[in-house]
Amino acid sequence: MTHPYLTDDHHIFRQALRKFLEKEAYPHYDKWEEDRIIPRTFWEKLGQQGFLCPDLPERYGGAETDWGFSVVIEEELERVGTGLVGVSLHNDIVVPYITDYGSGEQKNRWLPKCTTGETITALAMTEPGAGSDLANIKTTAIRQGDHYVLNGQKTFITNGIHADLVVVACKTDPKAEPKHKGVSLLVVERGTEGFSRGRKLDKIGLHCQDTAELIFEDCRVPAENLLGEEGKGFLYMMDKLQQERLAVAIGAQVASEEMLHDTIDYTRSRKAFGQAVSDFQNTRFRLAEIATEIEMGRTFLDDLIDRHIKGEDVVKQVSMAKYKLTETARHTATVCMQLHGGYGYMEEYKIARRYRDTPVSSIYAGTNEIMKTIIAKKIGL
Ligand SMILES: Cc1cc2nc3c(=O)[nH]c(=O)nc-3n(C[C@H](O)[C@H](O)[C@H](O)COP(=O)(O)OP(=O)(O)OC[C@H]3O[C@@H](n4cnc5c(N)ncnc54)[C@H](O)[C@@H]3O)c2cc1C
């Protein structure tokens with residue numbers, strides 16, 4: 001891999017992570033899929049080896065690395081399986097809310113355990129009645145003295161079962177106009193009275209990723225757990241959704257690369273009508289087509305990661321990458337499964353799992369339809 005933002009240090013880090021995953025993740029992944037959860041011990045092992053939130057300052061247990069190291073972690077976890085997406089969500093999506101909007105006291109209280117794996121985080125925006133339309137969430141947090149009283153329900157929450165800290169989007173001013181100005185972010189800790197987990201959701205893919213409902217019933221959250229300022233939650237989410245979408249695009253790109261690689265190997269070894277399946281012109285053309293799409297995607301993505309690290313405004317390009325690379329991954333999964341024949345439909349072949357896991361990438365972190373509305377606006381429509 002020749003990403004422009006990667007140095008020798010990143011490559012050494014990648015080798016160490018791969019070695020770790022070959023021992024601690026690859027051999028256990030099928031079992032985790034069966035169990036429908038990744039054990040907490042895996043999180044702790046990641047923490048012990050410095051693979052959780054390496055970009056955090058040293059005083060919180062991080063290594064103050066640039067975001068290129070986080071990209072390496074996202075890529076290598078995706079290579080194992082998309083079910084590990086909850087780790088990237090913790091590293092690159094939820095913890096940055098605390099880093100960027102938390103007070104000094106909040107950071108001291110929460111961040112050290114996020115790097116050791118003792119604390120697992122989640123981000124709860126979506127509700128049964130509102131996903132894309134985030135300004136219309138119904139969860140309320142009404143201030144009463146030195147507490148907020150939180151009421152509402154969240155669904156589809158990644159790391160929902162394991163989470164010790166949940167960043168919850170809620171309305172501190174339910175009557176605000178425009179509606180998004182009433183949204184704030186509260187951090188709810190495991191064990192807070194009135195906070196419970198609902199169902200662990202049964203998904204068609206990402207079997208080992210824990211996805212759950214969260215319920216808040218007269219949940220008394222200390223006022224000091226407000227993240228940033230009241231009424232600014234929507235702006236914070238719009239800001240942080242950029243890195244979330246980029247992370248999803250990175251995962252989709254790696255998934256496509258893996259599927260192509262596996263399918264080239266498979267079609268070379270499989271024989272039909274006295275020749276390798278890879279020798280049929282149809283196979284060669286289909287794989288040539290997706291290889292072209294994948295390489296073009298990689299070039300666009302690498303440039304985008306580089307620009308994101310430099311702090312450039314890449315909202316339009318992030319939306320494009322999230323939309324296009326996830327569509328490419330879905331298409332790649334369909335083509336690659338077909339080229340595996342009947343074996344592609346069998347659980348023992350990796351392509352079967354990728355085929356199940358890939359479609360969600362065009363739904364979460366903002367659906368691809370929402371990505372297109374952003375792109376349309378950015379091109380002046
Ligand atoms: C496995 C998984 C994990 C998830 N993890 C999390 C998590 O950790 N935290 C969290 O908060 N959420 C999470 N989500 C929720 C996810 O972000 C939402 O499902 C997503 O944003 C879409 O919201 P919705 O499901 O309510 O669909 P809806 O908003 O109801 O959309 C239904 C359809 O209408 C389309 N649509 C909606 N609005 C428009 C529009 N303006 N123009 C055109 N089309 C439109 C959508 O694109 C979609 O096709 C997760 C979801 C899944 C499946």
# chains A, B, ... in the order shown; residues from 1 in each chain; ligands from 1
call {"tool": "residues_near_ligand", "arguments": {"ligand": "ligand 1", "cutoff": "9 Å", "atoms": "only C-alpha atoms and all ligand atoms", "output": "compact mmCIF listing (two decimals) with N, CA, C and O atoms, in the first residue's frame"}}
result
# COMPACT_ATOMS: atom_id res chain seq x y z
N GLY A 86 -17.22 -1.54 15.48
CA GLY A 86 -17.46 -0.87 16.76
C GLY A 86 -16.19 -0.32 17.39
O GLY A 86 -16.23 0.67 18.13
N LEU A 89 -15.50 2.85 15.64
CA LEU A 89 -16.49 3.83 16.11
C LEU A 89 -16.04 4.45 17.43
O LEU A 89 -16.12 5.66 17.62
N ALA A 122 -20.29 4.60 23.01
CA ALA A 122 -21.28 4.52 21.95
C ALA A 122 -21.83 5.92 21.69
O ALA A 122 -21.70 6.82 22.54
N LEU A 123 -22.42 6.08 20.53
CA LEU A 123 -23.03 7.36 20.15
C LEU A 123 -24.49 7.10 19.81
O LEU A 123 -24.79 6.31 18.91
N ALA A 124 -25.39 7.73 20.56
CA ALA A 124 -26.81 7.45 20.38
C ALA A 124 -27.54 8.65 19.80
O ALA A 124 -27.94 9.56 20.53
N MET A 125 -27.69 8.62 18.48
CA MET A 125 -28.44 9.68 17.80
C MET A 125 -29.80 9.13 17.35
O MET A 125 -30.84 9.74 17.60
N THR A 126 -29.77 7.98 16.67
CA THR A 126 -30.98 7.47 16.01
C THR A 126 -32.05 7.02 17.01
O THR A 126 -31.75 6.43 18.05
N GLU A 127 -33.30 7.31 16.65
CA GLU A 127 -34.45 6.88 17.47
C GLU A 127 -35.40 6.07 16.58
O GLU A 127 -35.30 6.14 15.35
N PRO A 128 -36.34 5.37 17.20
CA PRO A 128 -37.28 4.60 16.36
C PRO A 128 -37.97 5.49 15.33
O PRO A 128 -38.23 5.06 14.21
N GLY A 129 -38.23 6.73 15.67
CA GLY A 129 -38.97 7.61 14.75
C GLY A 129 -38.11 8.60 13.98
O GLY A 129 -38.64 9.38 13.19
N ALA A 130 -36.81 8.63 14.19
CA ALA A 130 -35.97 9.62 13.50
C ALA A 130 -34.54 9.12 13.34
O ALA A 130 -33.85 8.85 14.32
N GLY A 131 -34.14 8.98 12.05
CA GLY A 131 -32.76 8.59 11.75
C GLY A 131 -32.11 9.67 10.91
O GLY A 131 -31.32 10.48 11.41
N SER A 132 -32.50 9.73 9.64
CA SER A 132 -31.93 10.77 8.76
C SER A 132 -32.30 12.16 9.26
O SER A 132 -31.50 13.08 9.22
N ASP A 133 -33.53 12.28 9.74
CA ASP A 133 -34.06 13.59 10.15
C ASP A 133 -33.71 13.85 11.62
O ASP A 133 -34.59 13.88 12.50
N LEU A 134 -32.42 14.07 11.86
CA LEU A 134 -31.92 14.15 13.24
C LEU A 134 -32.49 15.30 14.06
O LEU A 134 -32.60 15.21 15.28
N LYS A 154 -33.51 5.14 22.10
CA LYS A 154 -32.59 5.15 20.96
C LYS A 154 -32.55 3.75 20.37
O LYS A 154 -32.74 2.75 21.10
N THR A 155 -32.26 3.66 19.07
CA THR A 155 -32.19 2.32 18.47
C THR A 155 -31.02 2.24 17.50
O THR A 155 -30.47 3.27 17.08
N PHE A 156 -30.67 1.01 17.16
CA PHE A 156 -29.55 0.69 16.23
C PHE A 156 -28.21 1.17 16.78
O PHE A 156 -27.35 1.60 15.99
N ILE A 157 -28.01 1.17 18.08
CA ILE A 157 -26.80 1.79 18.62
C ILE A 157 -25.63 0.78 18.68
O ILE A 157 -25.69 -0.21 19.41
N THR A 158 -24.61 1.10 17.90
CA THR A 158 -23.40 0.27 17.85
C THR A 158 -22.70 0.32 19.21
O THR A 158 -22.55 1.40 19.79
N ASN A 159 -22.24 -0.83 19.69
CA ASN A 159 -21.63 -1.00 21.03
C ASN A 159 -22.67 -0.79 22.13
O ASN A 159 -22.30 -0.59 23.30
N GLY A 160 -23.94 -0.86 21.77
CA GLY A 160 -25.01 -0.56 22.73
C GLY A 160 -24.97 -1.44 23.97
O GLY A 160 -25.22 -0.96 25.08
N VAL A 168 -25.32 10.91 24.13
CA VAL A 168 -26.74 10.85 23.74
C VAL A 168 -27.19 12.20 23.16
O VAL A 168 -27.04 13.24 23.83
N ALA A 169 -27.73 12.16 21.96
CA ALA A 169 -28.32 13.37 21.38
C ALA A 169 -29.73 13.53 21.94
O ALA A 169 -30.52 12.58 21.92
N LEU A 201 -30.13 -6.22 18.98
CA LEU A 201 -30.86 -6.38 17.72
C LEU A 201 -30.28 -7.49 16.84
O LEU A 201 -29.06 -7.65 16.76
N LYS A 203 -29.46 -8.76 13.42
CA LYS A 203 -29.22 -8.15 12.10
C LYS A 203 -28.95 -9.22 11.04
O LYS A 203 -28.54 -10.33 11.38
N GLY A 205 -26.51 -9.03 8.97
CA GLY A 205 -25.04 -9.13 8.86
C GLY A 205 -24.41 -8.51 10.09
O GLY A 205 -25.08 -8.25 11.08
N LEU A 206 -23.09 -8.27 10.00
CA LEU A 206 -22.32 -7.72 11.14
C LEU A 206 -22.70 -8.44 12.42
O LEU A 206 -23.03 -7.81 13.43
N GLN A 209 -20.98 -7.60 15.73
CA GLN A 209 -21.05 -6.21 16.20
C GLN A 209 -22.29 -6.06 17.06
O GLN A 209 -23.39 -6.43 16.64
N ASP A 210 -22.10 -5.54 18.28
CA ASP A 210 -23.27 -5.44 19.15
C ASP A 210 -24.05 -4.16 18.83
O ASP A 210 -23.50 -3.08 18.78
N THR A 211 -25.31 -4.37 18.52
CA THR A 211 -26.18 -3.26 18.12
C THR A 211 -27.44 -3.37 18.98
O THR A 211 -28.07 -4.43 19.01
N ALA A 212 -27.80 -2.29 19.66
CA ALA A 212 -28.86 -2.44 20.66
C ALA A 212 -29.76 -1.20 20.75
O ALA A 212 -29.43 -0.13 20.23
N VAL A 360 -24.96 -2.51 4.62
CA VAL A 360 -25.26 -1.54 5.68
C VAL A 360 -24.41 -0.27 5.54
O VAL A 360 -24.79 0.81 6.01
N SER A 361 -23.29 -0.38 4.84
CA SER A 361 -22.41 0.79 4.74
C SER A 361 -23.07 1.92 3.94
O SER A 361 -22.69 3.08 4.07
N SER A 362 -24.05 1.58 3.12
CA SER A 362 -24.73 2.67 2.40
C SER A 362 -25.92 3.21 3.22
O SER A 362 -26.61 4.12 2.79
N ILE A 363 -26.13 2.63 4.41
CA ILE A 363 -27.24 3.08 5.26
C ILE A 363 -26.73 3.89 6.46
O ILE A 363 -27.21 4.99 6.72
N TYR A 364 -25.74 3.33 7.19
CA TYR A 364 -25.38 4.06 8.43
C TYR A 364 -24.43 5.23 8.16
O TYR A 364 -23.92 5.37 7.05
N ALA A 365 -24.26 6.05 9.18
CA ALA A 365 -23.46 7.29 9.10
C ALA A 365 -24.07 8.29 8.12
O ALA A 365 -23.36 9.12 7.54
N GLY A 366 -25.37 8.21 7.94
CA GLY A 366 -26.06 9.05 6.94
C GLY A 366 -26.23 8.21 5.69
O GLY A 366 -25.25 7.72 5.13
N THR A 367 -27.47 8.03 5.25
CA THR A 367 -27.70 7.15 4.10
C THR A 367 -27.10 7.77 2.83
O THR A 367 -26.81 8.98 2.78
N ASN A 368 -26.96 6.93 1.80
CA ASN A 368 -26.38 7.46 0.56
C ASN A 368 -27.31 8.49 -0.10
O ASN A 368 -26.84 9.37 -0.82
N GLU A 369 -28.61 8.39 0.19
CA GLU A 369 -29.52 9.42 -0.35
C GLU A 369 -29.19 10.77 0.31
O GLU A 369 -29.15 11.80 -0.35
N ILE A 370 -28.93 10.72 1.62
CA ILE A 370 -28.56 11.96 2.31
C ILE A 370 -27.22 12.48 1.77
O ILE A 370 -27.04 13.69 1.59
N MET A 371 -26.29 11.56 1.47
CA MET A 371 -25.00 12.00 0.88
C MET A 371 -25.26 12.76 -0.43
O MET A 371 -24.64 13.78 -0.71
N LYS A 372 -26.21 12.25 -1.21
CA LYS A 372 -26.49 12.90 -2.50
C LYS A 372 -27.13 14.26 -2.30
O LYS A 372 -26.89 15.18 -3.09
N THR A 373 -27.94 14.41 -1.26
CA THR A 373 -28.54 15.74 -1.03
C THR A 373 -27.43 16.74 -0.66
O THR A 373 -27.47 17.89 -1.07
call {"tool": "residues_around", "arguments": {"residues": "stretch 268-271 of chain A", "least_positions_apart": "2", "cutoff": "12 Å", "atoms": "only C-alpha atoms", "output": "list in words"}}
result
His261, Asp262, Thr263, Ile264, Asp265, Tyr266, Phe273, Gly274, Gln275, Ala276, Val277, Ser278, Asp279, Phe280, Thr283, Arg284, Leu287, Leu339, His340, Gly341, Gly342 and Tyr343 of chain A
call {"tool": "select_by_dssp", "arguments": {"residues": "stretch 163-322 of chain A", "states": "strand (DSSP E or B)", "output": "PDB file with C-alpha atoms, in the first residue's frame"}}
result
ATOM      1  CA  LEU A 165     -20.285   5.756  28.217  1.00  0.00           C
ATOM      2  CA  VAL A 166     -22.946   6.856  25.759  1.00  0.00           C
ATOM      3  CA  VAL A 167     -22.991  10.240  24.039  1.00  0.00           C
ATOM      4  CA  VAL A 168     -26.735  10.852  23.738  1.00  0.00           C
ATOM      5  CA  ALA A 169     -28.318  13.373  21.380  1.00  0.00           C
ATOM      6  CA  CYS A 170     -31.330  14.923  23.105  1.00  0.00           C
ATOM      7  CA  LYS A 171     -33.505  18.019  23.167  1.00  0.00           C
ATOM      8  CA  VAL A 183     -30.320  19.683  20.461  1.00  0.00           C
ATOM      9  CA  SER A 184     -27.577  19.011  23.041  1.00  0.00           C
ATOM     10  CA  LEU A 185     -25.245  16.121  23.822  1.00  0.00           C
ATOM     11  CA  LEU A 186     -25.231  14.426  27.230  1.00  0.00           C
ATOM     12  CA  VAL A 187     -22.802  11.726  28.315  1.00  0.00           C
ATOM     13  CA  VAL A 188     -24.631   8.957  30.146  1.00  0.00           C
ATOM     14  CA  GLU A 189     -22.584   6.545  32.235  1.00  0.00           C
ATOM     15  CA  PHE A 195     -30.724   4.034  31.883  1.00  0.00           C
ATOM     16  CA  SER A 196     -31.332   0.518  30.570  1.00  0.00           C
ATOM     17  CA  ARG A 197     -30.580  -1.535  27.476  1.00  0.00           C
ATOM     18  CA  GLY A 198     -33.427  -2.767  25.327  1.00  0.00           C
ATOM     19  CA  ARG A 199     -33.143  -5.582  22.803  1.00  0.00           C
ATOM     20  CA  LYS A 200     -29.815  -6.645  21.347  1.00  0.00           C
ATOM     21  CA  THR A 211     -26.183  -3.261  18.115  1.00  0.00           C
ATOM     22  CA  ALA A 212     -28.864  -2.440  20.655  1.00  0.00           C
ATOM     23  CA  GLU A 213     -31.743  -0.305  21.804  1.00  0.00           C
ATOM     24  CA  LEU A 214     -31.156   2.067  24.707  1.00  0.00           C
ATOM     25  CA  ILE A 215     -33.894   3.309  26.999  1.00  0.00           C
ATOM     26  CA  PHE A 216     -33.895   6.387  29.231  1.00  0.00           C
ATOM     27  CA  GLU A 217     -36.733   6.671  31.750  1.00  0.00           C
ATOM     28  CA  ASP A 218     -36.509   9.643  34.095  1.00  0.00           C
ATOM     29  CA  CYS A 219     -32.788   9.096  33.899  1.00  0.00           C
ATOM     30  CA  ARG A 220     -31.040  11.659  36.095  1.00  0.00           C
ATOM     31  CA  VAL A 221     -27.837  12.748  34.382  1.00  0.00           C
ATOM     32  CA  PRO A 222     -25.577  15.157  36.309  1.00  0.00           C
ATOM     33  CA  LEU A 226     -23.283  18.021  29.293  1.00  0.00           C
ATOM     34  CA  LEU A 227     -20.797  17.980  26.422  1.00  0.00           C
ATOM     35  CA  LYS A 271     -11.672 -25.414 -12.754  1.00  0.00           C
ATOM     36  CA  ALA A 272     -14.657 -25.718 -15.132  1.00  0.00           C
ATOM     37  CA  GLN A 275      -9.827 -24.576 -17.580  1.00  0.00           C
ATOM     38  CA  ALA A 276      -9.520 -22.159 -14.674  1.00  0.00           C
TER      39      ALA A 276
END
call {"tool": "select_by_dssp", "arguments": {"residues": "stretch 50-244 of chain A", "states": "alpha helix (DSSP H)", "output": "PyMOL selection string"}}
result
chain A and resi 67-80+85-89+95-101+104-116+233-244
call {"tool": "residues_around", "arguments": {"residues": "A:Leu235", "least_positions_apart": "5", "cutoff": "9 Å", "atoms": "only C-alpha atoms", "output": "list in words"}}
result
His180, Lys181, Val183 and Lys240 of chain A
call {"tool": "closest_residue", "arguments": {"among": "A:Gly344, A:Pro39, A:Gly228, A:Pro96", "to": "A:Gln242", "atoms": "only C-alpha atoms"}}
result
A:Pro96
call {"tool": "residues_around", "arguments": {"residues": "stretch 1-17 of chain A", "least_positions_apart": "2", "cutoff": "9 Å", "atoms": "only C-alpha atoms", "output": "PDB file with N, CA and C atoms, in the first residue's frame"}}
result
ATOM      1  N   LYS A  19       0.134  -8.639  13.225  1.00  0.00           N
ATOM      2  CA  LYS A  19       0.619  -9.785  14.017  1.00  0.00           C
ATOM      3  C   LYS A  19      -0.309 -10.017  15.213  1.00  0.00           C
ATOM      4  N   PHE A  20      -0.691  -8.909  15.835  1.00  0.00           N
ATOM      5  CA  PHE A  20      -1.604  -8.984  16.981  1.00  0.00           C
ATOM      6  C   PHE A  20      -2.945  -9.593  16.545  1.00  0.00           C
ATOM      7  N   LEU A  21      -3.477  -9.118  15.425  1.00  0.00           N
ATOM      8  CA  LEU A  21      -4.794  -9.592  14.970  1.00  0.00           C
ATOM      9  C   LEU A  21      -4.736 -11.057  14.521  1.00  0.00           C
ATOM     10  N   GLU A  22      -3.600 -11.452  13.961  1.00  0.00           N
ATOM     11  CA  GLU A  22      -3.468 -12.862  13.544  1.00  0.00           C
ATOM     12  C   GLU A  22      -3.573 -13.793  14.746  1.00  0.00           C
ATOM     13  N   GLN A  49      -2.125  -3.047  23.995  1.00  0.00           N
ATOM     14  CA  GLN A  49      -1.120  -2.945  22.930  1.00  0.00           C
ATOM     15  C   GLN A  49      -1.076  -1.558  22.277  1.00  0.00           C
ATOM     16  N   PHE A  51      -3.670   0.032  20.725  1.00  0.00           N
ATOM     17  CA  PHE A  51      -4.452   0.139  19.492  1.00  0.00           C
ATOM     18  C   PHE A  51      -5.802   0.840  19.704  1.00  0.00           C
ATOM     19  N   GLY A  68      -3.216   9.188  10.604  1.00  0.00           N
ATOM     20  CA  GLY A  68      -2.791   8.094   9.729  1.00  0.00           C
ATOM     21  C   GLY A  68      -2.746   6.770  10.481  1.00  0.00           C
ATOM     22  N   PHE A  69      -2.381   6.808  11.760  1.00  0.00           N
ATOM     23  CA  PHE A  69      -2.335   5.573  12.558  1.00  0.00           C
ATOM     24  C   PHE A  69      -3.750   5.032  12.772  1.00  0.00           C
ATOM     25  N   VAL A  72      -4.762   3.216   9.694  1.00  0.00           N
ATOM     26  CA  VAL A  72      -4.160   1.870   9.662  1.00  0.00           C
ATOM     27  C   VAL A  72      -5.003   0.908  10.508  1.00  0.00           C
ATOM     28  N   ILE A  73      -5.417   1.360  11.686  1.00  0.00           N
ATOM     29  CA  ILE A  73      -6.226   0.494  12.560  1.00  0.00           C
ATOM     30  C   ILE A  73      -7.556   0.163  11.873  1.00  0.00           C
ATOM     31  N   GLU A  76      -6.945  -2.411   9.029  1.00  0.00           N
ATOM     32  CA  GLU A  76      -6.602  -3.774   9.459  1.00  0.00           C
ATOM     33  C   GLU A  76      -7.774  -4.463  10.163  1.00  0.00           C
ATOM     34  N   ARG A 298      -9.482   4.039  -4.588  1.00  0.00           N
ATOM     35  CA  ARG A 298      -8.335   4.142  -3.666  1.00  0.00           C
ATOM     36  C   ARG A 298      -7.619   5.481  -3.867  1.00  0.00           C
ATOM     37  N   THR A 299      -7.454   5.875  -5.103  1.00  0.00           N
ATOM     38  CA  THR A 299      -6.743   7.130  -5.380  1.00  0.00           C
ATOM     39  C   THR A 299      -7.524   8.315  -4.807  1.00  0.00           C
ATOM     40  N   ASP A 302      -7.372   8.100  -0.851  1.00  0.00           N
ATOM     41  CA  ASP A 302      -6.076   8.458  -0.245  1.00  0.00           C
ATOM     42  C   ASP A 302      -5.860   9.971  -0.259  1.00  0.00           C
ATOM     43  N   ASP A 303      -6.241  10.584  -1.361  1.00  0.00           N
ATOM     44  CA  ASP A 303      -6.105  12.042  -1.450  1.00  0.00           C
ATOM     45  C   ASP A 303      -6.996  12.709  -0.392  1.00  0.00           C
ATOM     46  N   ILE A 305      -8.119  11.402   2.488  1.00  0.00           N
ATOM     47  CA  ILE A 305      -7.598  11.199   3.852  1.00  0.00           C
ATOM     48  C   ILE A 305      -6.489  12.214   4.122  1.00  0.00           C
ATOM     49  N   ASP A 306      -5.628  12.379   3.141  1.00  0.00           N
ATOM     50  CA  ASP A 306      -4.521  13.330   3.254  1.00  0.00           C
ATOM     51  C   ASP A 306      -5.065  14.744   3.525  1.00  0.00           C
ATOM     52  N   ILE A 309      -6.587  14.995   7.030  1.00  0.00           N
ATOM     53  CA  ILE A 309      -5.540  15.110   8.058  1.00  0.00           C
ATOM     54  C   ILE A 309      -4.998  16.539   8.090  1.00  0.00           C
TER      55      ILE A 309
END
call {"tool": "residues_around", "arguments": {"residues": "A:Ile120", "least_positions_apart": "4", "cutoff": "12 Å", "atoms": "only C-alpha atoms", "output": "PyMOL selection string"}}
result
chain A and resi 38-44+46-47+52-53+86-91+94-95+110-116+158-167+189-190+210
call {"tool": "write_last_selection", "arguments": {"atoms": "N, CA and C atoms", "output": "tab-separated table (two decimals), in the first residue's frame"}}
result
chain	number	residue	atom	x	y	z
A	38	ILE	N	-18.45	-9.44	20.44
A	38	ILE	CA	-16.99	-9.52	20.62
A	38	ILE	C	-16.73	-9.44	22.12
A	39	PRO	N	-15.90	-10.33	22.67
A	39	PRO	CA	-15.71	-10.27	24.13
A	39	PRO	C	-14.98	-9.00	24.56
A	40	ARG	N	-15.28	-8.56	25.75
A	40	ARG	CA	-14.61	-7.36	26.28
A	40	ARG	C	-13.11	-7.58	26.41
A	41	THR	N	-12.70	-8.83	26.60
A	41	THR	CA	-11.26	-9.09	26.73
A	41	THR	C	-10.50	-8.67	25.48
A	42	PHE	N	-11.16	-8.75	24.31
A	42	PHE	CA	-10.48	-8.32	23.08
A	42	PHE	C	-10.23	-6.81	23.13
A	43	TRP	N	-11.20	-6.08	23.62
A	43	TRP	CA	-11.04	-4.62	23.77
A	43	TRP	C	-9.87	-4.32	24.70
A	44	GLU	N	-9.81	-5.07	25.80
A	44	GLU	CA	-8.72	-4.81	26.77
A	44	GLU	C	-7.36	-5.12	26.16
A	46	LEU	N	-6.61	-4.94	22.98
A	46	LEU	CA	-6.32	-3.84	22.05
A	46	LEU	C	-5.74	-2.65	22.82
A	47	GLY	N	-6.36	-2.37	23.97
A	47	GLY	CA	-5.91	-1.25	24.80
A	47	GLY	C	-4.48	-1.46	25.31
A	52	LEU	N	-6.01	1.37	20.91
A	52	LEU	CA	-7.23	2.16	21.13
A	52	LEU	C	-6.84	3.63	21.27
A	53	CYS	N	-7.47	4.47	20.47
A	53	CYS	CA	-7.29	5.92	20.53
A	53	CYS	C	-5.81	6.34	20.61
A	86	GLY	N	-17.22	-1.54	15.48
A	86	GLY	CA	-17.46	-0.87	16.76
A	86	GLY	C	-16.19	-0.32	17.39
A	87	VAL	N	-15.04	-0.96	17.09
A	87	VAL	CA	-13.77	-0.47	17.63
A	87	VAL	C	-13.41	0.86	16.96
A	88	SER	N	-13.57	0.92	15.65
A	88	SER	CA	-13.28	2.18	14.94
A	88	SER	C	-14.26	3.26	15.38
A	89	LEU	N	-15.50	2.85	15.64
A	89	LEU	CA	-16.49	3.83	16.11
A	89	LEU	C	-16.04	4.45	17.43
A	90	HIS	N	-15.53	3.61	18.31
A	90	HIS	CA	-15.02	4.09	19.61
A	90	HIS	C	-13.83	5.03	19.37
A	91	ASN	N	-12.83	4.56	18.60
A	91	ASN	CA	-11.58	5.32	18.41
A	91	ASN	C	-11.79	6.64	17.68
A	94	VAL	N	-16.67	8.30	18.52
A	94	VAL	CA	-17.25	8.74	19.80
A	94	VAL	C	-16.23	9.48	20.67
A	95	VAL	N	-15.05	8.88	20.85
A	95	VAL	CA	-14.06	9.51	21.73
A	95	VAL	C	-13.71	10.94	21.25
A	110	TRP	N	-12.88	10.65	31.88
A	110	TRP	CA	-13.31	9.60	30.95
A	110	TRP	C	-12.22	9.04	30.02
A	111	LEU	N	-11.33	9.90	29.56
A	111	LEU	CA	-10.44	9.45	28.47
A	111	LEU	C	-9.45	8.33	28.85
A	112	PRO	N	-8.82	8.38	30.05
A	112	PRO	CA	-7.81	7.34	30.32
A	112	PRO	C	-8.34	5.92	30.15
A	113	LYS	N	-9.57	5.68	30.58
A	113	LYS	CA	-10.10	4.31	30.46
A	113	LYS	C	-10.55	3.98	29.03
A	114	CYS	N	-10.69	5.03	28.19
A	114	CYS	CA	-11.03	4.77	26.78
A	114	CYS	C	-9.81	4.21	26.05
A	115	THR	N	-8.61	4.55	26.50
A	115	THR	CA	-7.41	4.04	25.83
A	115	THR	C	-7.02	2.65	26.34
A	116	THR	N	-7.48	2.29	27.53
A	116	THR	CA	-7.12	0.96	28.06
A	116	THR	C	-8.14	-0.11	27.66
A	158	THR	N	-24.61	1.10	17.90
A	158	THR	CA	-23.40	0.27	17.85
A	158	THR	C	-22.70	0.32	19.21
A	159	ASN	N	-22.24	-0.83	19.69
A	159	ASN	CA	-21.63	-1.00	21.03
A	159	ASN	C	-22.67	-0.79	22.13
A	160	GLY	N	-23.94	-0.86	21.77
A	160	GLY	CA	-25.01	-0.56	22.73
A	160	GLY	C	-24.97	-1.44	23.97
A	161	ILE	N	-24.63	-2.72	23.82
A	161	ILE	CA	-24.62	-3.61	24.98
A	161	ILE	C	-23.38	-3.38	25.83
A	162	HIS	N	-22.22	-3.28	25.19
A	162	HIS	CA	-20.97	-3.14	25.93
A	162	HIS	C	-20.75	-1.73	26.49
A	163	ALA	N	-21.45	-0.73	25.92
A	163	ALA	CA	-21.07	0.66	26.21
A	163	ALA	C	-21.10	1.02	27.69
A	164	ASP	N	-20.03	1.67	28.13
A	164	ASP	CA	-19.95	2.19	29.50
A	164	ASP	C	-20.25	3.68	29.52
A	165	LEU	N	-20.00	4.32	28.37
A	165	LEU	CA	-20.28	5.76	28.22
A	165	LEU	C	-21.04	5.93	26.92
A	166	VAL	N	-22.17	6.64	26.98
A	166	VAL	CA	-22.95	6.86	25.76
A	166	VAL	C	-23.14	8.36	25.56
A	167	VAL	N	-22.72	8.85	24.40
A	167	VAL	CA	-22.99	10.24	24.04
A	167	VAL	C	-24.40	10.25	23.43
A	189	GLU	N	-23.51	7.59	31.78
A	189	GLU	CA	-22.58	6.54	32.24
A	189	GLU	C	-23.34	5.28	32.61
A	190	ARG	N	-22.67	4.14	32.38
A	190	ARG	CA	-23.24	2.85	32.79
A	190	ARG	C	-23.67	2.93	34.26
A	210	ASP	N	-22.10	-5.54	18.28
A	210	ASP	CA	-23.27	-5.44	19.15
A	210	ASP	C	-24.05	-4.16	18.83
call {"tool": "atom_distance", "arguments": {"atom1": "atom CA of A:Gly81", "atom2": "atom CA of A:Gln317"}}
result
25.6 Å
call {"tool": "residues_around", "arguments": {"residues": "A:Glu78", "least_positions_apart": "2", "cutoff": "9 Å", "atoms": "only C-alpha atoms", "output": "PyMOL selection string"}}
result
chain A and resi 73-76+80-85+250-252+254-255
